[in-house]
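So this block is work36.cif, mmCIF, C-alpha atoms:
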data_model
loop_
_atom_site.group_PDB
_atom_site.id
_atom_site.type_symbol
_atom_site.label_atom_id
_atom_site.label_comp_id
_atom_site.auth_asym_id
_atom_site.auth_seq_id
_atom_site.Cartn_x
_atom_site.Cartn_y
_atom_site.Cartn_z
ATOM 1 C CA MET A 1 85.116 310.258 113.377
ATOM 2 C CA ARG A 2 87.773 310.441 110.632
ATOM 3 C CA SER A 3 90.894 312.473 111.288
ATOM 4 C CA ALA A 4 91.377 315.849 109.568
ATOM 5 C CA ARG A 5 94.243 314.326 107.619
ATOM 6 C CA SER A 6 92.227 311.387 106.285
ATOM 7 C CA GLY A 7 89.479 313.827 105.366
ATOM 8 C CA ARG A 8 91.917 315.934 103.361
ATOM 9 C CA VAL A 9 93.313 312.891 101.578
ATOM 10 C CA ALA A 10 89.842 311.592 100.709
ATOM 11 C CA LEU A 11 88.770 315.014 99.477
ATOM 12 C CA ALA A 12 91.937 315.341 97.413
ATOM 13 C CA ALA A 13 91.344 311.921 95.898
ATOM 14 C CA LEU A 14 87.752 312.754 94.959
ATOM 15 C CA LEU A 15 88.710 316.090 93.438
ATOM 16 C CA LEU A 16 91.603 314.649 91.511
ATOM 17 C CA ALA A 17 89.568 311.708 90.245
ATOM 18 C CA ALA A 18 86.815 314.073 89.123
ATOM 19 C CA CYS A 19 89.265 316.271 87.263
ATOM 20 C CA SER A 20 91.584 313.567 85.845
ATOM 21 C CA THR A 21 92.384 313.441 82.161
ATOM 22 C CA THR A 22 94.637 311.369 79.982
ATOM 23 C CA GLY A 23 95.619 314.462 78.021
ATOM 24 C CA ASP A 24 95.845 315.087 74.302
ATOM 25 C CA ALA A 25 98.104 313.012 72.145
ATOM 26 C CA ALA A 26 101.451 314.558 71.312
ATOM 27 C CA PRO A 27 102.839 314.457 67.749
ATOM 28 C CA ASP A 28 104.866 311.340 68.646
ATOM 29 C CA GLY A 29 101.712 309.554 69.837
ATOM 30 C CA SER A 30 102.480 309.828 73.563
ATOM 31 C CA THR A 31 100.056 311.346 76.056
ATOM 32 C CA ALA A 32 100.555 313.793 78.912
ATOM 33 C CA THR A 33 98.812 313.530 82.255
ATOM 34 C CA ASP A 34 97.519 316.941 83.283
ATOM 35 C CA VAL A 35 96.120 316.111 86.715
ATOM 36 C CA ALA A 36 97.200 313.492 89.248
ATOM 37 C CA THR A 37 94.802 310.539 89.518
ATOM 38 C CA SER A 38 96.330 308.286 92.176
ATOM 39 C CA PRO A 39 94.319 308.435 95.428
ATOM 40 C CA GLY A 40 96.081 310.377 98.155
ATOM 41 C CA ALA A 41 98.988 311.287 95.863
ATOM 42 C CA LEU A 42 98.597 314.974 96.693
ATOM 43 C CA ALA A 43 97.847 316.073 100.239
ATOM 44 C CA LEU A 44 98.777 319.748 100.359
ATOM 45 C CA THR A 45 97.178 322.328 102.620
ATOM 46 C CA ALA A 46 97.849 326.067 102.641
ATOM 47 C CA ARG A 47 97.729 328.956 105.071
ATOM 48 C CA VAL A 48 98.713 332.609 104.724
ATOM 49 C CA TYR A 49 100.356 334.891 107.270
ATOM 50 C CA GLN A 50 102.702 337.878 107.569
ATOM 51 C CA SER A 51 105.854 338.036 109.689
ATOM 52 C CA ARG A 52 107.473 341.250 110.924
ATOM 53 C CA MET A 53 110.177 340.717 108.291
ATOM 54 C CA ASP A 54 107.532 340.991 105.560
ATOM 55 C CA VAL A 55 105.956 344.303 106.540
ATOM 56 C CA ASP A 56 108.336 346.711 104.785
ATOM 57 C CA ASP A 57 108.180 344.702 101.556
ATOM 58 C CA ARG A 58 104.382 344.485 101.823
ATOM 59 C CA GLN A 59 104.408 340.759 101.319
ATOM 60 C CA VAL A 60 102.824 337.717 102.951
ATOM 61 C CA GLN A 61 103.905 334.095 103.266
ATOM 62 C CA VAL A 62 101.980 331.253 101.698
ATOM 63 C CA ARG A 63 102.767 328.212 103.827
ATOM 64 C CA LEU A 64 102.364 324.852 102.067
ATOM 65 C CA VAL A 65 102.160 321.733 104.235
ATOM 66 C CA ASN A 66 102.704 318.357 102.551
ATOM 67 C CA ASP A 67 101.014 315.533 104.468
ATOM 68 C CA GLY A 68 101.371 313.111 101.570
ATOM 69 C CA PRO A 69 103.877 310.315 100.957
ATOM 70 C CA ASP A 70 105.590 311.982 97.988
ATOM 71 C CA ASP A 71 107.704 315.066 97.494
ATOM 72 C CA VAL A 72 105.867 317.780 95.558
ATOM 73 C CA THR A 73 107.713 320.118 93.199
ATOM 74 C CA VAL A 74 105.966 323.474 92.905
ATOM 75 C CA GLU A 75 106.416 324.710 89.352
ATOM 76 C CA ARG A 76 104.312 327.820 89.990
ATOM 77 C CA LEU A 77 102.459 329.241 92.964
ATOM 78 C CA ALA A 78 100.049 332.169 92.958
ATOM 79 C CA LEU A 79 97.772 333.524 95.651
ATOM 80 C CA THR A 80 94.392 335.025 94.820
ATOM 81 C CA SER A 81 92.221 336.833 97.333
ATOM 82 C CA THR A 82 88.888 338.574 97.429
ATOM 83 C CA GLY A 83 90.616 341.338 99.414
ATOM 84 C CA PHE A 84 93.527 342.052 97.053
ATOM 85 C CA ALA A 85 93.666 342.526 93.293
ATOM 86 C CA GLY A 86 95.168 340.116 90.799
ATOM 87 C CA GLU A 87 97.278 336.984 91.105
ATOM 88 C CA MET A 88 100.107 337.402 93.597
ATOM 89 C CA VAL A 89 102.859 335.182 92.219
ATOM 90 C CA TYR A 90 105.756 333.510 94.015
ATOM 91 C CA ARG A 91 108.910 334.565 92.189
ATOM 92 C CA LYS A 92 110.660 331.184 92.138
ATOM 93 C CA SER A 93 109.941 327.953 90.298
ATOM 94 C CA GLY A 94 110.861 324.401 91.152
ATOM 95 C CA SER A 95 110.660 324.607 94.951
ATOM 96 C CA VAL A 96 110.244 321.184 96.539
ATOM 97 C CA VAL A 97 107.868 320.569 99.426
ATOM 98 C CA GLY A 98 109.168 317.288 100.812
ATOM 99 C CA ALA A 99 106.886 314.596 102.185
ATOM 100 C CA GLY A 100 105.944 315.595 105.719
ATOM 101 C CA ARG A 101 107.555 319.002 105.292
ATOM 102 C CA THR A 102 106.429 322.636 105.344
ATOM 103 C CA VAL A 103 107.660 325.407 103.034
ATOM 104 C CA ASP A 104 106.895 329.160 103.157
ATOM 105 C CA MET A 105 106.677 331.034 99.864
ATOM 106 C CA PRO A 106 106.486 334.866 99.914
ATOM 107 C CA VAL A 107 104.253 336.846 97.569
ATOM 108 C CA VAL A 108 103.821 340.616 97.270
ATOM 109 C CA LEU A 109 100.287 341.812 97.965
ATOM 110 C CA GLY A 110 98.191 343.313 95.206
ATOM 111 C CA GLU A 111 96.298 346.545 95.707
ATOM 112 C CA PRO A 112 93.591 346.263 98.360
ATOM 113 C CA VAL A 113 90.054 345.773 97.092
ATOM 114 C CA CYS A 114 87.964 347.894 99.445
ATOM 115 C CA ASP A 115 84.188 347.639 99.742
ATOM 116 C CA ASP A 116 81.770 347.960 102.630
ATOM 117 C CA GLY A 117 83.631 345.260 104.527
ATOM 118 C CA SER A 118 80.547 343.068 105.007
ATOM 119 C CA ALA A 119 81.925 339.999 103.203
ATOM 120 C CA ALA A 120 84.618 337.796 104.720
ATOM 121 C CA ILE A 121 87.884 337.760 102.784
ATOM 122 C CA THR A 122 88.912 334.424 101.294
ATOM 123 C CA HIS A 123 92.262 333.355 99.829
ATOM 124 C CA THR A 124 93.178 330.594 97.379
ATOM 125 C CA ALA A 125 96.612 329.160 96.614
ATOM 126 C CA LEU A 126 96.953 328.052 92.980
ATOM 127 C CA VAL A 127 99.678 325.404 92.835
ATOM 128 C CA ASP A 128 101.038 323.986 89.576
ATOM 129 C CA TYR A 129 102.893 320.872 90.732
ATOM 130 C CA ARG A 130 104.899 317.862 89.613
ATOM 131 C CA LEU A 131 105.182 314.529 91.410
ATOM 132 C CA PRO A 132 108.176 312.162 91.339
ATOM 133 C CA ASP A 133 106.471 309.859 88.794
ATOM 134 C CA GLY A 134 106.122 312.775 86.357
ATOM 135 C CA THR A 135 102.461 313.448 87.078
ATOM 136 C CA THR A 136 101.591 317.135 86.838
ATOM 137 C CA GLY A 137 98.531 319.164 87.678
ATOM 138 C CA ARG A 138 97.057 322.220 89.338
ATOM 139 C CA ALA A 139 95.630 322.290 92.845
ATOM 140 C CA GLU A 140 93.379 325.077 94.103
ATOM 141 C CA LEU A 141 93.827 325.155 97.872
ATOM 142 C CA PRO A 142 91.861 327.311 100.306
ATOM 143 C CA ALA A 143 94.548 329.348 102.115
ATOM 144 C CA THR A 144 93.453 329.835 105.698
ATOM 145 C CA ASP A 145 94.108 333.008 107.653
ATOM 146 C CA GLU A 146 94.007 331.260 111.023
ATOM 147 C CA HIS A 147 94.306 334.282 113.279
ATOM 148 C CA GLY A 148 92.588 336.848 111.047
ATOM 149 C CA GLN A 149 95.936 338.555 110.488
ATOM 150 C CA ILE A 150 95.482 339.217 106.779
ATOM 151 C CA ALA A 151 91.891 340.359 107.306
ATOM 152 C CA HIS A 152 93.170 342.876 109.867
ATOM 153 C CA LEU A 153 95.927 343.961 107.477
ATOM 154 C CA HIS A 154 93.347 344.447 104.716
ATOM 155 C CA GLU A 155 91.135 346.525 106.987
ATOM 156 C CA GLY A 156 94.101 348.725 107.886
ATOM 157 C CA GLU A 157 95.120 349.228 104.266
ATOM 158 C CA CYS A 158 91.600 350.235 103.287
ATOM 159 C CA PHE A 159 91.449 352.707 106.187
ATOM 160 C CA ALA A 160 94.846 354.126 105.161
ATOM 161 C CA GLN A 161 93.577 354.426 101.578
ATOM 162 C CA ASP A 162 90.615 356.484 102.774
ATOM 163 C CA VAL A 163 92.884 358.679 104.913
ATOM 164 C CA ALA A 164 95.239 359.223 101.959
ATOM 165 C CA ALA A 165 92.332 360.654 99.965
ATOM 166 C CA VAL A 166 91.954 363.310 102.645
ATOM 167 C CA ALA A 167 95.525 364.037 103.769
ATOM 168 C CA THR A 168 99.168 363.055 103.399
ATOM 169 C CA LEU A 169 101.229 362.050 106.432
ATOM 170 C CA GLU A 170 105.002 362.154 106.044
ATOM 171 C CA VAL A 171 108.066 362.396 108.235
ATOM 172 C CA ASP A 172 110.254 365.393 107.483
ATOM 173 C CA ASP A 173 113.597 364.597 105.855
ATOM 174 C CA ALA A 174 115.669 366.447 108.477
ATOM 175 C CA PRO A 175 115.664 364.722 111.891
ATOM 176 C CA ARG A 176 117.953 366.536 114.309
ATOM 177 C CA ALA A 177 119.742 366.175 117.624
ATOM 178 C CA VAL A 178 118.679 368.347 120.556
ATOM 179 C CA GLN A 179 120.536 368.587 123.836
ATOM 180 C CA VAL A 180 118.794 368.879 127.197
ATOM 181 C CA GLY A 181 121.378 369.042 129.979
ATOM 182 C CA GLU A 182 123.892 366.324 129.215
ATOM 183 C CA LEU A 183 121.445 364.192 127.254
ATOM 184 C CA VAL A 184 120.963 364.207 123.502
ATOM 185 C CA ALA A 185 117.484 363.493 122.155
ATOM 186 C CA ILE A 186 116.101 363.308 118.623
ATOM 187 C CA GLU A 187 113.522 365.634 117.102
ATOM 188 C CA LEU A 188 111.517 364.564 114.097
ATOM 189 C CA ASP A 189 108.675 366.416 112.396
ATOM 190 C CA LEU A 190 105.515 364.669 111.262
ATOM 191 C CA VAL A 191 103.999 366.803 108.495
ATOM 192 C CA VAL A 192 100.271 366.455 107.801
ATOM 193 C CA ALA A 193 98.743 368.176 104.768
ATOM 194 C CA GLY A 194 95.134 368.258 103.596
ATOM 195 C CA THR A 195 94.578 367.266 99.977
ATOM 196 C CA GLY A 196 91.843 369.824 99.410
ATOM 197 C CA GLY A 197 89.298 367.205 98.370
ATOM 198 C CA ALA A 198 85.835 366.631 99.783
ATOM 199 C CA ASP A 199 85.157 367.859 103.290
ATOM 200 C CA HIS A 200 86.002 365.201 105.902
ATOM 201 C CA ASP A 201 86.699 365.250 109.612
ATOM 202 C CA LEU A 202 90.172 363.762 110.138
ATOM 203 C CA ARG A 203 91.849 363.905 113.530
ATOM 204 C CA LEU A 204 95.146 362.444 114.696
ATOM 205 C CA ARG A 205 94.819 360.942 118.154
ATOM 206 C CA HIS A 206 98.056 359.179 119.074
ATOM 207 C CA VAL A 207 101.474 358.208 117.725
ATOM 208 C CA ALA A 208 103.089 355.108 119.189
ATOM 209 C CA GLY A 209 106.729 354.448 119.882
ATOM 210 C CA THR A 210 108.642 351.928 117.819
ATOM 211 C CA THR A 211 110.952 349.017 118.488
ATOM 212 C CA LEU A 212 113.850 351.489 118.311
ATOM 213 C CA LEU A 213 112.442 354.816 119.525
ATOM 214 C CA THR A 214 110.526 355.951 122.617
ATOM 215 C CA HIS A 215 108.693 359.258 122.920
ATOM 216 C CA ALA A 216 109.969 361.682 125.554
ATOM 217 C CA ASP A 217 108.802 364.865 127.215
ATOM 218 C CA PRO A 218 110.570 367.732 125.377
ATOM 219 C CA GLY A 219 111.146 369.594 128.658
ATOM 220 C CA ASP A 220 112.941 367.016 130.814
ATOM 221 C CA LEU A 221 113.260 364.059 128.372
ATOM 222 C CA GLU A 222 111.284 361.816 130.690
ATOM 223 C CA PRO A 223 110.368 358.789 128.554
ATOM 224 C CA ILE A 224 106.715 358.311 127.556
ATOM 225 C CA PRO A 225 106.517 354.555 126.771
ATOM 226 C CA PRO A 226 102.805 354.540 125.816
ATOM 227 C CA GLY A 227 103.517 357.052 123.059
ATOM 228 C CA ARG A 228 102.568 360.629 122.320
ATOM 229 C CA GLU A 229 98.953 361.693 122.739
ATOM 230 C CA LEU A 230 97.713 364.003 120.000
ATOM 231 C CA ASP A 231 94.651 366.090 119.352
ATOM 232 C CA VAL A 232 95.353 367.386 115.877
ATOM 233 C CA GLU A 233 92.591 368.378 113.490
ATOM 234 C CA VAL A 234 93.859 368.007 109.952
ATOM 235 C CA PRO A 235 93.064 371.054 107.794
ATOM 236 C CA ARG A 236 91.210 370.578 104.519
ATOM 237 C CA THR A 237 93.953 372.569 102.797
ATOM 238 C CA GLY A 238 97.384 373.598 103.986
ATOM 239 C CA SER A 239 99.531 371.658 106.423
ATOM 240 C CA THR A 240 100.342 371.285 110.086
ATOM 241 C CA THR A 241 103.486 369.931 111.751
ATOM 242 C CA VAL A 242 103.783 367.760 114.850
ATOM 243 C CA THR A 243 107.262 367.679 116.392
ATOM 244 C CA LEU A 244 108.168 364.379 118.030
ATOM 245 C CA THR A 245 110.848 364.211 120.736
ATOM 246 C CA LEU A 246 112.425 360.771 120.797
ATOM 247 C CA LEU A 247 114.962 358.708 122.727
ATOM 248 C CA PRO A 248 116.418 355.302 121.900
ATOM 249 C CA SER A 249 114.391 352.418 123.287
ATOM 250 C CA ARG A 250 117.398 350.141 122.759
ATOM 251 C CA CYS A 251 121.130 350.779 122.716
ATOM 252 C CA ASP A 252 122.535 347.301 121.981
ATOM 253 C CA ALA A 253 124.551 347.205 118.778
ATOM 254 C CA HIS A 254 122.417 344.676 116.910
ATOM 255 C CA ALA A 255 119.227 346.702 117.544
ATOM 256 C CA ILE A 256 120.118 348.888 114.568
ATOM 257 C CA ALA A 257 121.711 346.141 112.492
ATOM 258 C CA ASP A 258 118.575 343.975 112.752
ATOM 259 C CA ASP A 259 116.037 346.798 112.682
ATOM 260 C CA LYS A 260 112.937 346.332 110.525
ATOM 261 C CA GLN A 261 110.248 348.479 112.124
ATOM 262 C CA GLY A 262 112.127 351.004 114.257
ATOM 263 C CA THR A 263 111.627 353.955 111.903
ATOM 264 C CA ARG A 264 108.016 353.167 111.027
ATOM 265 C CA PHE A 265 105.514 355.224 113.032
ATOM 266 C CA ARG A 266 101.953 354.085 113.743
ATOM 267 C CA VAL A 267 99.526 356.994 113.978
ATOM 268 C CA SER A 268 96.044 356.417 115.404
ATOM 269 C CA ALA A 269 93.478 358.502 113.549
ATOM 270 C CA GLU A 270 89.750 359.091 113.409
ATOM 271 C CA LEU A 271 88.134 359.711 110.044
ATOM 272 C CA ASP A 272 84.451 360.692 110.057
ATOM 273 C CA GLY A 273 83.955 358.689 113.244
ATOM 274 C CA ARG A 274 85.895 355.616 112.045
ATOM 275 C CA GLN A 275 89.027 354.752 113.963
ATOM 276 C CA GLY A 276 92.146 353.114 112.612
ATOM 277 C CA VAL A 277 95.916 353.213 112.409
ATOM 278 C CA VAL A 278 98.065 354.609 109.600
ATOM 279 C CA ALA A 279 101.688 353.534 109.281
ATOM 280 C CA VAL A 280 104.109 356.305 108.306
ATOM 281 C CA ALA A 281 107.361 354.870 106.995
ATOM 282 C CA SER A 282 110.602 356.833 106.994
ATOM 283 C CA PRO A 283 112.314 357.017 103.593
ATOM 284 C CA PRO A 284 115.827 355.507 103.346
ATOM 285 C CA ALA A 285 117.707 358.782 103.911
ATOM 286 C CA VAL A 286 115.696 359.488 107.070
ATOM 287 C CA GLN A 287 116.277 355.930 108.302
ATOM 288 C CA THR A 288 120.034 356.388 107.982
ATOM 289 C CA ALA A 289 119.924 359.742 109.775
ATOM 290 C CA LEU A 290 117.811 358.281 112.596
ATOM 291 C CA TYR A 291 120.217 355.374 113.074
ATOM 292 C CA ASP A 292 123.122 357.822 113.387
ATOM 293 C CA LEU A 293 121.180 359.909 115.888
ATOM 294 C CA VAL A 294 120.272 356.839 117.952
ATOM 295 C CA ARG A 295 123.971 356.023 118.263
ATOM 296 C CA ALA A 296 124.761 359.606 119.270
ATOM 297 C CA SER A 297 121.950 359.670 121.833
ATOM 298 C CA CYS A 298 122.907 356.302 123.326
ATOM 299 C CA ALA A 299 126.435 357.589 123.947
ATOM 300 C CA THR A 300 125.060 360.311 126.254
ATOM 301 C CA LEU A 301 122.660 358.171 128.285
ATOM 302 C CA PRO A 302 123.835 357.228 131.797
ATOM 303 C CA ASN A 303 123.621 353.565 132.746
ATOM 304 C CA ASP A 304 120.597 354.097 135.000
ATOM 305 C CA PHE A 305 118.799 355.876 132.153
ATOM 306 C CA ARG A 306 119.935 353.602 129.346
ATOM 307 C CA PRO A 307 117.256 351.202 128.105
#
Show me, as structure tokens, the structure contained in the file I just sent.
Amino acid sequence: MRSARSGRVALAALLLAACSTTGDAAPDGSTATDVATSPGALALTARVYQSRMDVDDRQVQVRLVNDGPDDVTVERLALTSTGFAGEMVYRKSGSVVGAGRTVDMPVVLGEPVCDDGSAAITHTALVDYRLPDGTTGRAELPATDEHGQIAHLHEGECFAQDVAAVATLEVDDAPRAVQVGELVAIELDLVVAGTGGADHDLRLRHVAGTTLLTHADPGDLEPIPPGRELDVEVPRTGSTTVTLTLLPSRCDAHAIADDKQGTRFRVSAELDGRQGVVAVASPPAVQTALYDLVRASCATLPNDFRP
């Protein structure tokens, strides 16, 4: 049985040979090669994934792996997907994927394309490249989603889109410190408002803690690591407020400096019998206020209470 690598090289050679062209003559009589023709000259594969650093910017990484003998200069890279609209273009040009090397290239997701969810989502990396001998061309590479991460992300965005048609979920812009005994906790309001559209049954079931914040009992500030259970029916019109009592889940100095997800709350919801999770991000001013309150709360926690 041939190896996966030899299979890729053979496939690349067949595709390139089938698509090769000598190009049109330039005014000076020279010709340009549009697609590489040398067997095995291009052996790129692609995958797509999202790291925790990408979530806030709503981007994914296109990982190019070069198994060929030559460096490949990427003049342009774009990702297309059946689950997201448009070409999602890498912002830089001229990145080199060295022979035997791997390079990640971030692209911002297009708007989700939501249907009945019956068809599997596929992704394609469009790579305009140049080889060391001057050969240029375009490769269309299936971009694999090995662990179904992007499919799960797409499903979540489509669920959130459906929820947004029924209600808005926002964190209030005035988090505050509350003192219970000698401890200082943080209170934050989650405001849910119906949009007044078609009649739907939307219920909030649970709000999880974050990498920076743990839910606590408002009476004695006993931490609730699994998160806050809810049973909130969202009104068709008007609004309702859920007050969250929070404590720091970390007090080390770099927890705030390196924070990416600590002020982003994941709310489990049920919409007309469908279950999913909606992420509620804190705007910049609320993030800053929460970081200040985490510092203030950490200063009051005794060592045996401090996370």
Q. Got a sec: who's within 9 Å of Leu77 in chain A, counting all atoms listed in the file, leaving out chain neighbours fewer than 4 positions off, as a PyMOL selection string?
A. chain A and resi 62+88-93+105+125-129
Report, as JSON, the centre and edge lengths in Å (one decimal) of the axis-aligned box enclosing every listed atom of range 153-161 of chain A, padded by 3 Å on each side.
{"center_x": 93.5, "center_y": 349.2, "center_z": 104.7, "size_x": 10.8, "size_y": 16.5, "size_z": 12.3}
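Interatomic distance, CA of Pro225 in chain A to CA of Gly276 in chain A: 20.2 Å.
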Q) Closest to Leu64 in chain A among A:Ala281, A:Ala269, A:Ala99, A:Val294, using all atoms listed in the file? A) A:Ala99
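Distances here use all atoms listed in the file; by that measure, the residue among A:Val103, A:Leu212, A:Cys158, A:Val48 closest to Thr80 in chain A is A:Val48.
Shortest atom-to-atom contact with Glu155 in chain A among A:Gly209, A:Gln261, A:Pro235, A:Phe84: A:Phe84, counting all atoms listed in the file.
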Q: Run the PyMOL selection byres ((chain A and resi 46) around 12) against the file shown and list the residues it catches, as a ChimeraX atom specification.
A: /A:8,43-45,47-49,61-67,77-79,97,102-105,123-127,139-146
Q | Polymer residues at most 12 Å from (112.6, 342.6, 110.7) by only C-alpha atoms, as a list in words | A | Gln50, Ser51, Arg52, Met53, Asp54, Val55, Asp56, Asp57, Thr211, Leu212, His254, Ala255, Ile256, Ala257, Asp258, Asp259, Lys260, Gln261, Gly262, Thr263 and Arg264 of chain A
Q) So which one's closest to Arg138 in chain A, A:Pro226, A:Leu42, A:Gln179, A:Thr122? Using all atoms listed in the file, please. A) A:Leu42
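Near Ile121 in chain A, within a cut-off of 7 Å and counting all atoms listed in the file, sit the residues Thr82, Gly83 and Ala151 of chain A, with same-chain residues fewer than 4 positions away left out.
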Q.
Need to verify the contact set: range 165-167 of chain A, 6 Å, all atoms listed in the file, exclusion of same-chain residues closer than 2 positions in sequence. Can you return it as a ChimeraX atom specification?
A. /A:162-163,193-195
Q) Which residues, written as number ranges by chain, have at least one atom at most 12 Å from Glu187 in chain A, with all atoms listed in the file counted and residues fewer than 6 positions away on the same chain left out? A) A: 171-180, 213-218, 221, 242-248, 286, 289-290, 293-294, 297
Q: Take CA of Val192 in chain A and CA of Thr168 in chain A and report the distance between them in Å, one decimal.
A: 5.7 Å
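Rounded to one decimal, CA of Leu202 in chain A and CA of Ile150 in chain A lie 25.3 Å from each other.
Shortest atom-to-atom contact with Leu131 in chain A among A:Thr73, A:Ser239, A:Gln287, A:Ser81: A:Thr73, counting only C-alpha atoms.
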